[in-house]
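Enquirer: Just passing along the structure, written as structure tokens.
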Amino acid sequence: MTGQFTSHKPFPLESGEPLSFITLDYSTFGKFDKNKIAWIFPGIDNEWHELQKLIYQKRYFLICVRMPSGKGLFTLKDMMRMYQLLKKELEIERIHMGIGASMGGQLMLEWATEEPELFEYLFPIATNAVQSAWCIAFNTSQRLCLEMGANGVIAAHAVASLFDSQVEKNCVSTYYKLTKSMDTHNLSRGRQSLQQSLHKIKSKTLVMSVEGDMLFPKQEQEFLSTHIPHAELQVIPSAFGHAGCVLEILTILKSIEEFICRHTNH
């Protein structure tokens with residue numbers, strides 16, 4: 001089921017710019033069960049249909065929100081605060097598991113840091129605690145290409161295809177805005193440090209790194225698993241680099257199921 005949530009209450013962005021209203025497009029799958037809620041955080045392409053289908057088959061109630069890219073610059077913290085309003089509207093108190101990859105994983109970690117006991121299980125995949133200079137440079141190069149017009153779109157797609165293929169899946173303006181949002185990611189902003197921010201998380205956490213991922217290298221996931229209390233790290237074998245967080249979905253789902261099974265029996 002698709003839905004749209006609108007709040008007409010004033011919403012100040014992290015930048016200080018006020019919005020008179022906000023709107024979120026979202027989808028739900030399955031029958032609502034407060035004990036079986038799975039919130040899916042896809043990457044910048046806003047799509048993760050295969051994972052949604054597989055999780056739905058496990059009889060979870062799924063929620064997936066399309067990351068907003070409206071007027072002004074939305075930071076991931078802004079998006080997280082919007083998601084909090086949707087959660088309240090849907091009368092959700094706790095989320096059984098959150099699964100987030102790449103930019104979606106960054107957004108999920110922002111939320112888990114803000115509400116440390118919200119998620120029972122947390123599965124960050126090919127993501128990090130702060131956007132690296134390398135990723136910012138990569139996103140900047142794509143935006144410079146897109147600013148060139150039609151030929152620039154071809155160039156941006158060529159750059160993206162070295163690591164992933166998200167440009168072709170997005171409206172160009174949406175992709176442009178979301179890369180700028182992604183570059184704001186820093187869990188320590190407004191908090192004491194990255195380490196202390198991650199240490200607050202109470203969820204049972206399995207951090208997954210994708211083999212050969214040049215955009216989000218393994219050391220970034222090692223940092224997460226080191227500083228999130230009792231977190232585990234698993235490397236997902238892949239020949240696809242960062243795109244493996246989508247293409248290796250069967251392996252990822254198996255890892256999720258095994259992790260939940262181990263912790264349920266304890």
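Numbering starts fresh at 1 for the residues of each chain in the structure tokens, the chains themselves are lettered A, B, ... in the order given, and ligands are numbered from 1 as they appear.
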Can you pull out every residue within 12 Å of Arg189 in chain A, counting only C-alpha atoms, but drop anything in the same chain fewer than 4 positions away, and send it as JSON, numbers by chain?

Expert: {"A": [14, 75, 76, 77, 110, 113, 114, 129, 130, 131, 184, 185, 193, 194, 195, 196, 197]}

Enquirer: With distances taken over only C-alpha atoms, which of A:Met208, A:Leu109, A:Cys261, A:Leu253 is nearest to Tyr56 in chain A?

Expert: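 Among A:Met208, A:Leu109, A:Cys261, A:Leu253, it is A:Leu253 that comes nearest to Tyr56 in chain A.
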
Enquirer: Name the closest residue to Gly149 in chain A among the candidates A:Phe259, A:Ile201, A:Val172, A:Ile136; distances are taken between atoms, counting only C-alpha atoms.

Expert: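 Closest candidate: A:Val172.
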
Enquirer: What residues in range 69-137 of chain A get the DSSP label alpha helix (DSSP H)? Please answer as a PDB file with N, CA and C atoms, in the first residue's frame.

Expert:
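The resulting file, result_4.pdb, is shown below:
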ATOM      1  N   LEU A  76      20.542  14.684   6.568  1.00  0.00           N
ATOM      2  CA  LEU A  76      20.008  13.398   7.018  1.00  0.00           C
ATOM      3  C   LEU A  76      19.326  13.542   8.376  1.00  0.00           C
ATOM      4  N   LYS A  77      19.798  14.472   9.171  1.00  0.00           N
ATOM      5  CA  LYS A  77      19.134  14.718  10.455  1.00  0.00           C
ATOM      6  C   LYS A  77      17.747  15.315  10.241  1.00  0.00           C
ATOM      7  N   ASP A  78      17.597  16.182   9.246  1.00  0.00           N
ATOM      8  CA  ASP A  78      16.274  16.707   8.888  1.00  0.00           C
ATOM      9  C   ASP A  78      15.345  15.563   8.486  1.00  0.00           C
ATOM     10  N   MET A  79      15.853  14.669   7.627  1.00  0.00           N
ATOM     11  CA  MET A  79      15.040  13.535   7.178  1.00  0.00           C
ATOM     12  C   MET A  79      14.630  12.662   8.349  1.00  0.00           C
ATOM     13  N   MET A  80      15.569  12.416   9.246  1.00  0.00           N
ATOM     14  CA  MET A  80      15.275  11.591  10.411  1.00  0.00           C
ATOM     15  C   MET A  80      14.151  12.195  11.241  1.00  0.00           C
ATOM     16  N   ARG A  81      14.162  13.505  11.414  1.00  0.00           N
ATOM     17  CA  ARG A  81      13.109  14.171  12.185  1.00  0.00           C
ATOM     18  C   ARG A  81      11.761  14.071  11.470  1.00  0.00           C
ATOM     19  N   MET A  82      11.775  14.088  10.147  1.00  0.00           N
ATOM     20  CA  MET A  82      10.544  13.876   9.379  1.00  0.00           C
ATOM     21  C   MET A  82      10.021  12.460   9.591  1.00  0.00           C
ATOM     22  N   TYR A  83      10.940  11.487   9.579  1.00  0.00           N
ATOM     23  CA  TYR A  83      10.545  10.089   9.792  1.00  0.00           C
ATOM     24  C   TYR A  83       9.948   9.906  11.185  1.00  0.00           C
ATOM     25  N   GLN A  84      10.451  10.641  12.146  1.00  0.00           N
ATOM     26  CA  GLN A  84       9.897  10.558  13.497  1.00  0.00           C
ATOM     27  C   GLN A  84       8.432  10.986  13.516  1.00  0.00           C
ATOM     28  N   LEU A  85       8.110  12.012  12.743  1.00  0.00           N
ATOM     29  CA  LEU A  85       6.716  12.462  12.674  1.00  0.00           C
ATOM     30  C   LEU A  85       5.832  11.401  12.027  1.00  0.00           C
ATOM     31  N   LEU A  86       6.340  10.738  10.984  1.00  0.00           N
ATOM     32  CA  LEU A  86       5.583   9.660  10.348  1.00  0.00           C
ATOM     33  C   LEU A  86       5.391   8.498  11.316  1.00  0.00           C
ATOM     34  N   LYS A  87       6.437   8.159  12.049  1.00  0.00           N
ATOM     35  CA  LYS A  87       6.335   7.081  13.044  1.00  0.00           C
ATOM     36  C   LYS A  87       5.230   7.374  14.054  1.00  0.00           C
ATOM     37  N   LYS A  88       5.169   8.620  14.494  1.00  0.00           N
ATOM     38  CA  LYS A  88       4.127   9.004  15.449  1.00  0.00           C
ATOM     39  C   LYS A  88       2.748   8.905  14.808  1.00  0.00           C
ATOM     40  N   GLU A  89       2.628   9.335  13.549  1.00  0.00           N
ATOM     41  CA  GLU A  89       1.356   9.272  12.831  1.00  0.00           C
ATOM     42  C   GLU A  89       0.880   7.820  12.691  1.00  0.00           C
ATOM     43  N   MET A 103      23.450   5.259   1.625  1.00  0.00           N
ATOM     44  CA  MET A 103      22.840   6.457   2.197  1.00  0.00           C
ATOM     45  C   MET A 103      21.697   6.106   3.141  1.00  0.00           C
ATOM     46  N   GLY A 104      20.931   5.058   2.809  1.00  0.00           N
ATOM     47  CA  GLY A 104      19.869   4.617   3.712  1.00  0.00           C
ATOM     48  C   GLY A 104      20.410   4.168   5.050  1.00  0.00           C
ATOM     49  N   GLY A 105      21.577   3.517   5.033  1.00  0.00           N
ATOM     50  CA  GLY A 105      22.214   3.110   6.282  1.00  0.00           C
ATOM     51  C   GLY A 105      22.661   4.309   7.101  1.00  0.00           C
ATOM     52  N   GLN A 106      23.138   5.343   6.432  1.00  0.00           N
ATOM     53  CA  GLN A 106      23.523   6.566   7.136  1.00  0.00           C
ATOM     54  C   GLN A 106      22.316   7.184   7.842  1.00  0.00           C
ATOM     55  N   LEU A 107      21.198   7.242   7.133  1.00  0.00           N
ATOM     56  CA  LEU A 107      19.963   7.796   7.704  1.00  0.00           C
ATOM     57  C   LEU A 107      19.487   6.946   8.875  1.00  0.00           C
ATOM     58  N   MET A 108      19.554   5.634   8.727  1.00  0.00           N
ATOM     59  CA  MET A 108      19.136   4.737   9.796  1.00  0.00           C
ATOM     60  C   MET A 108      20.007   4.920  11.038  1.00  0.00           C
ATOM     61  N   LEU A 109      21.318   5.065  10.859  1.00  0.00           N
ATOM     62  CA  LEU A 109      22.221   5.260  11.999  1.00  0.00           C
ATOM     63  C   LEU A 109      21.959   6.606  12.677  1.00  0.00           C
ATOM     64  N   GLU A 110      21.611   7.612  11.892  1.00  0.00           N
ATOM     65  CA  GLU A 110      21.249   8.911  12.473  1.00  0.00           C
ATOM     66  C   GLU A 110      20.057   8.760  13.412  1.00  0.00           C
ATOM     67  N   TRP A 111      19.091   7.959  12.993  1.00  0.00           N
ATOM     68  CA  TRP A 111      17.889   7.742  13.802  1.00  0.00           C
ATOM     69  C   TRP A 111      18.215   6.885  15.027  1.00  0.00           C
ATOM     70  N   ALA A 112      18.999   5.846  14.828  1.00  0.00           N
ATOM     71  CA  ALA A 112      19.344   4.957  15.946  1.00  0.00           C
ATOM     72  C   ALA A 112      20.177   5.683  16.997  1.00  0.00           C
ATOM     73  N   THR A 113      20.960   6.653  16.564  1.00  0.00           N
ATOM     74  CA  THR A 113      21.751   7.452  17.506  1.00  0.00           C
ATOM     75  C   THR A 113      20.856   8.414  18.291  1.00  0.00           C
ATOM     76  N   GLU A 114      19.847   8.938  17.620  1.00  0.00           N
ATOM     77  CA  GLU A 114      18.913   9.877  18.261  1.00  0.00           C
ATOM     78  C   GLU A 114      17.953   9.157  19.206  1.00  0.00           C
ATOM     79  N   ALA A 133      35.766  12.157   2.792  1.00  0.00           N
ATOM     80  CA  ALA A 133      36.189  13.135   1.790  1.00  0.00           C
ATOM     81  C   ALA A 133      36.157  12.514   0.397  1.00  0.00           C
ATOM     82  N   TRP A 134      36.484  11.229   0.316  1.00  0.00           N
ATOM     83  CA  TRP A 134      36.475  10.517  -0.962  1.00  0.00           C
ATOM     84  C   TRP A 134      35.061  10.484  -1.540  1.00  0.00           C
ATOM     85  N   CYS A 135      34.061  10.151  -0.728  1.00  0.00           N
ATOM     86  CA  CYS A 135      32.681  10.096  -1.218  1.00  0.00           C
ATOM     87  C   CYS A 135      32.158  11.481  -1.573  1.00  0.00           C
ATOM     88  N   ILE A 136      32.535  12.485  -0.797  1.00  0.00           N
ATOM     89  CA  ILE A 136      32.120  13.855  -1.111  1.00  0.00           C
ATOM     90  C   ILE A 136      32.700  14.283  -2.456  1.00  0.00           C
ATOM     91  N   ALA A 137      33.968  13.941  -2.702  1.00  0.00           N
ATOM     92  CA  ALA A 137      34.595  14.272  -3.984  1.00  0.00           C
ATOM     93  C   ALA A 137      33.904  13.537  -5.125  1.00  0.00           C
TER      94      ALA A 137
END

Enquirer: Each residue of range 180-256 of chain A with at least one atom at most 10 Å from range 123-127 of chain A should appear once, together with its nearest atom pair and the corresponding distance in Å (one decimal); atoms considered: only C-alpha atoms; ordering: chain, then increasing residue number; output as a Markdown table.

Expert:
| residue | atom | partner | partner_atom | distance |
| --- | --- | --- | --- | --- |
| A:Ser203 | CA | A:Phe123 | CA | 9.5 |
| A:Lys204 | CA | A:Phe123 | CA | 8.7 |
| A:Thr205 | CA | A:Phe123 | CA | 5.9 |
| A:Leu206 | CA | A:Phe123 | CA | 5.2 |
| A:Val207 | CA | A:Pro124 | CA | 5.1 |
| A:Met208 | CA | A:Ile125 | CA | 4.7 |
| A:Ser209 | CA | A:Ala126 | CA | 5.1 |
| A:Val210 | CA | A:Ala126 | CA | 6.0 |
| A:Glu211 | CA | A:Ala126 | CA | 9.4 |
| A:Asp213 | CA | A:Ala126 | CA | 7.6 |
| A:Met214 | CA | A:Ala126 | CA | 10.0 |
| A:Leu215 | CA | A:Ala126 | CA | 8.5 |
| A:Phe216 | CA | A:Ala126 | CA | 5.8 |
| A:Pro217 | CA | A:Ala126 | CA | 7.7 |
| A:Lys218 | CA | A:Ala126 | CA | 8.1 |
| A:Glu220 | CA | A:Thr127 | CA | 7.3 |
| A:Gln221 | CA | A:Thr127 | CA | 6.7 |
| A:Leu224 | CA | A:Pro124 | CA | 8.9 |
| A:Ser225 | CA | A:Pro124 | CA | 9.8 |
| A:Ala231 | CA | A:Phe123 | CA | 9.8 |
| A:Glu232 | CA | A:Phe123 | CA | 10.0 |
| A:Leu233 | CA | A:Pro124 | CA | 9.9 |
| A:Gln234 | CA | A:Ile125 | CA | 9.6 |
| A:Val235 | CA | A:Ala126 | CA | 9.6 |
| A:Ile236 | CA | A:Ile125 | CA | 9.4 |
| A:Gly241 | CA | A:Ala126 | CA | 9.8 |
| A:His242 | CA | A:Ala126 | CA | 7.1 |
| A:Ala243 | CA | A:Ala126 | CA | 9.4 |
| A:Gly244 | CA | A:Ala126 | CA | 8.9 |
| A:Cys245 | CA | A:Ala126 | CA | 6.6 |
| A:Val246 | CA | A:Ile125 | CA | 9.8 |
| A:Ile252 | CA | A:Ile125 | CA | 8.8 |
| A:Ser255 | CA | A:Phe123 | CA | 9.8 |
| A:Ile256 | CA | A:Phe123 | CA | 7.5 |

Enquirer: Do you know which residues are at most 12 Å from Glu93 in chain A counting only C-alpha atoms, after dropping those on the same chain fewer than 2 positions away, and could you put them as a list in words?

Expert: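 Here the qualifying residues turn out to be Asp33, Lys34, Asn35, Lys36, Ile37, Gln84, Leu85, Leu86, Lys87, Lys88, Glu89, Leu90, Glu91, Ile95, His96, Glu115, Glu117, Leu118, Phe119 and Glu120 of chain A.
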
Enquirer: I want to know what sits within 9 Å of Ser15 in chain A, based on only C-alpha atoms, with residues of the same chain fewer than 3 positions away left out; could you give that as number ranges by chain?

Expert: A: 12, 18, 72-75

Enquirer: Which of these residues is nearest to Lys200 in chain A, using only C-alpha atoms: A:Gly98, A:Gly30, A:Pro237, A:Pro229?

Expert: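 Of A:Gly98, A:Gly30, A:Pro237, A:Pro229, the one nearest Lys200 in chain A is A:Pro229, counting only C-alpha atoms.
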
Enquirer: In Å to one decimal, how far is CA of Asp45 in chain A from CA of Gln142 in chain A?

Expert: 14.6 Å

Enquirer: Suppose you want the space between CA of Cys145 in chain A and CA of Met182 in chain A; what is it in Å?

Expert: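 Those two atoms sit 17.4 Å apart.
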
Enquirer: Which one is closest to Val159 in chain A: A:Thr140, A:Gln52, A:Thr251, A:Ser173? Count only C-alpha atoms.

Expert: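 Of all the options, A:Thr140 lies closest to Val159 in chain A.
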
Enquirer: At what distance in Å, to one decimal, does CA of His199 in chain A lie from CA of His227 in chain A?

Expert: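 Interatomic distance, CA of His227 in chain A to CA of His199 in chain A: 5.6 Å.
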
Enquirer: Hey, which of A:Ala38, A:Phe223, A:Lys71, A:Ala239 ends up closest to Leu13 in chain A? Count only C-alpha atoms.

Expert: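 Looking at the shortest contact to Leu13 in chain A, the residue is A:Lys71.
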